[in-house]
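Participant: The structure is given below, and queries will be raised subsequently.
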Amino acid sequence: MTTDRNPFEGQNLLGGPAPTKLPAEPAPLELLAGGASPAEVAAKYPTSSLAWAQLADDAFAAGRTVESYAYARTGYHRGLDALRRAGWKGHGPVPWEHEPNRGFLRALHALGRAAAAIEEKEEAERCAQFLRDSSPTAAATLS
């Protein structure tokens, strides 16, 4: 029997750090899925990058770029804190395929997008590179 599946898929063959997988946050996810406003969720669960990322996306869509930037920066920093608690050492994969990572990755993308919109070119480029380095799938999905 033949298979097209790569037997090494998902394995780190280069000896770099293992992918970081954040713990699930079921309460914020359930509230957002149930229709709670992202502001309510962020107030109740201020460490949730997902709530801050949603606030950033909503503000950006409404043309409130500076507000989006602030929300995204908060979600980004909350995500960095969570990544460090999960063993992340400042580099290595943060896979989009692991759903609890998506709040951080969305906040990182939103921060880069807002930075570009306010012409903070250096930060926009840094965020774009960080997103590509963390998860090529997230970079492709969110762009």
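Simple scheme: letters A, B, ... for chains in structure tokens order, numbers from 1 for residues in each chain, numbers from 1 for ligands in the order shown.
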Determine which residues of chain A receive a DSSP assignment of helix (DSSP H, G or I), computed from the backbone, and state them as a ChimeraX atom specification.
Facilitator: /A:26-33,38-44,49-61,65-85,99-117,121-134,136-142
Participant: If you take only C-alpha atoms and a cut-off of 10 Å, which residues of stretch 28-57 of chain A touch stretch 81-90 of chain A, and what are their nearest atom pairs and distances in Å to one decimal, in chain and number order, as JSON lines?
Facilitator:
```
{"residue": "A:Thr47", "atom": "CA", "partner": "A:Ala82", "partner_atom": "CA", "distance": 8.2}
{"residue": "A:Ser48", "atom": "CA", "partner": "A:Ala82", "partner_atom": "CA", "distance": 9.1}
{"residue": "A:Ser49", "atom": "CA", "partner": "A:Ala82", "partner_atom": "CA", "distance": 9.0}
```
Participant: Give me, as a PyMOL selection string, all polymer residues having an atom no more than 9 Å from stretch 99-106 of chain A, counting only C-alpha atoms and skipping those fewer than 2 positions away in the same chain.
Facilitator: chain A and resi 20-25+48-54+57+72+75-80+82-83+94-97+108-111+131+134-135+138-139+142
Participant: Can you tell me, as a PyMOL selection string, what residues are no more than 7 Å from A:Tyr71 when counting only C-alpha atoms, ignoring any on the same chain fewer than 2 positions away?
Facilitator: chain A and resi 52-53+55-56+67-69+73-75
Participant: Selected residues, N, CA and C atoms, written as an mmCIF file, in the first residue's frame, please.
Facilitator:
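Listing of again25.cif after writing:
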```cif
data_model
loop_
_atom_site.group_PDB
_atom_site.id
_atom_site.type_symbol
_atom_site.label_atom_id
_atom_site.label_comp_id
_atom_site.auth_asym_id
_atom_site.auth_seq_id
_atom_site.Cartn_x
_atom_site.Cartn_y
_atom_site.Cartn_z
ATOM 1 N N TRP A 52 -8.703 39.994 22.655
ATOM 2 C CA TRP A 52 -8.026 41.220 22.222
ATOM 3 C C TRP A 52 -7.866 41.248 20.703
ATOM 4 N N ALA A 53 -7.580 40.101 20.102
ATOM 5 C CA ALA A 53 -7.449 40.030 18.645
ATOM 6 C C ALA A 53 -8.782 40.369 17.971
ATOM 7 N N LEU A 55 -11.177 42.232 19.267
ATOM 8 C CA LEU A 55 -11.357 43.679 19.437
ATOM 9 C C LEU A 55 -10.552 44.446 18.394
ATOM 10 N N ALA A 56 -9.308 44.009 18.165
ATOM 11 C CA ALA A 56 -8.451 44.668 17.172
ATOM 12 C C ALA A 56 -9.051 44.556 15.771
ATOM 13 N N GLU A 67 -7.003 52.543 17.748
ATOM 14 C CA GLU A 67 -7.645 51.657 18.724
ATOM 15 C C GLU A 67 -7.305 50.199 18.406
ATOM 16 N N SER A 68 -7.341 49.841 17.142
ATOM 17 C CA SER A 68 -6.978 48.490 16.724
ATOM 18 C C SER A 68 -5.547 48.166 17.125
ATOM 19 N N TYR A 69 -4.660 49.135 16.915
ATOM 20 C CA TYR A 69 -3.256 48.960 17.278
ATOM 21 C C TYR A 69 -3.119 48.676 18.780
ATOM 22 N N ARG A 73 -1.790 45.206 20.331
ATOM 23 C CA ARG A 73 -0.576 45.190 21.158
ATOM 24 C C ARG A 73 -0.856 44.502 22.488
ATOM 25 N N THR A 74 -2.016 44.745 23.059
ATOM 26 C CA THR A 74 -2.373 44.074 24.317
ATOM 27 C C THR A 74 -2.463 42.568 24.100
ATOM 28 N N GLY A 75 -3.164 42.149 23.047
ATOM 29 C CA GLY A 75 -3.284 40.717 22.763
ATOM 30 C C GLY A 75 -1.953 40.066 22.471
#
```
Participant: Nearest to A:Ile118 among A:His98, A:Thr137, A:Thr65, A:Pro93, with distances taken over only C-alpha atoms: which residue is it?
Facilitator: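 Comparing A:His98, A:Thr137, A:Thr65, A:Pro93 against A:Ile118, the winner is A:Thr65.
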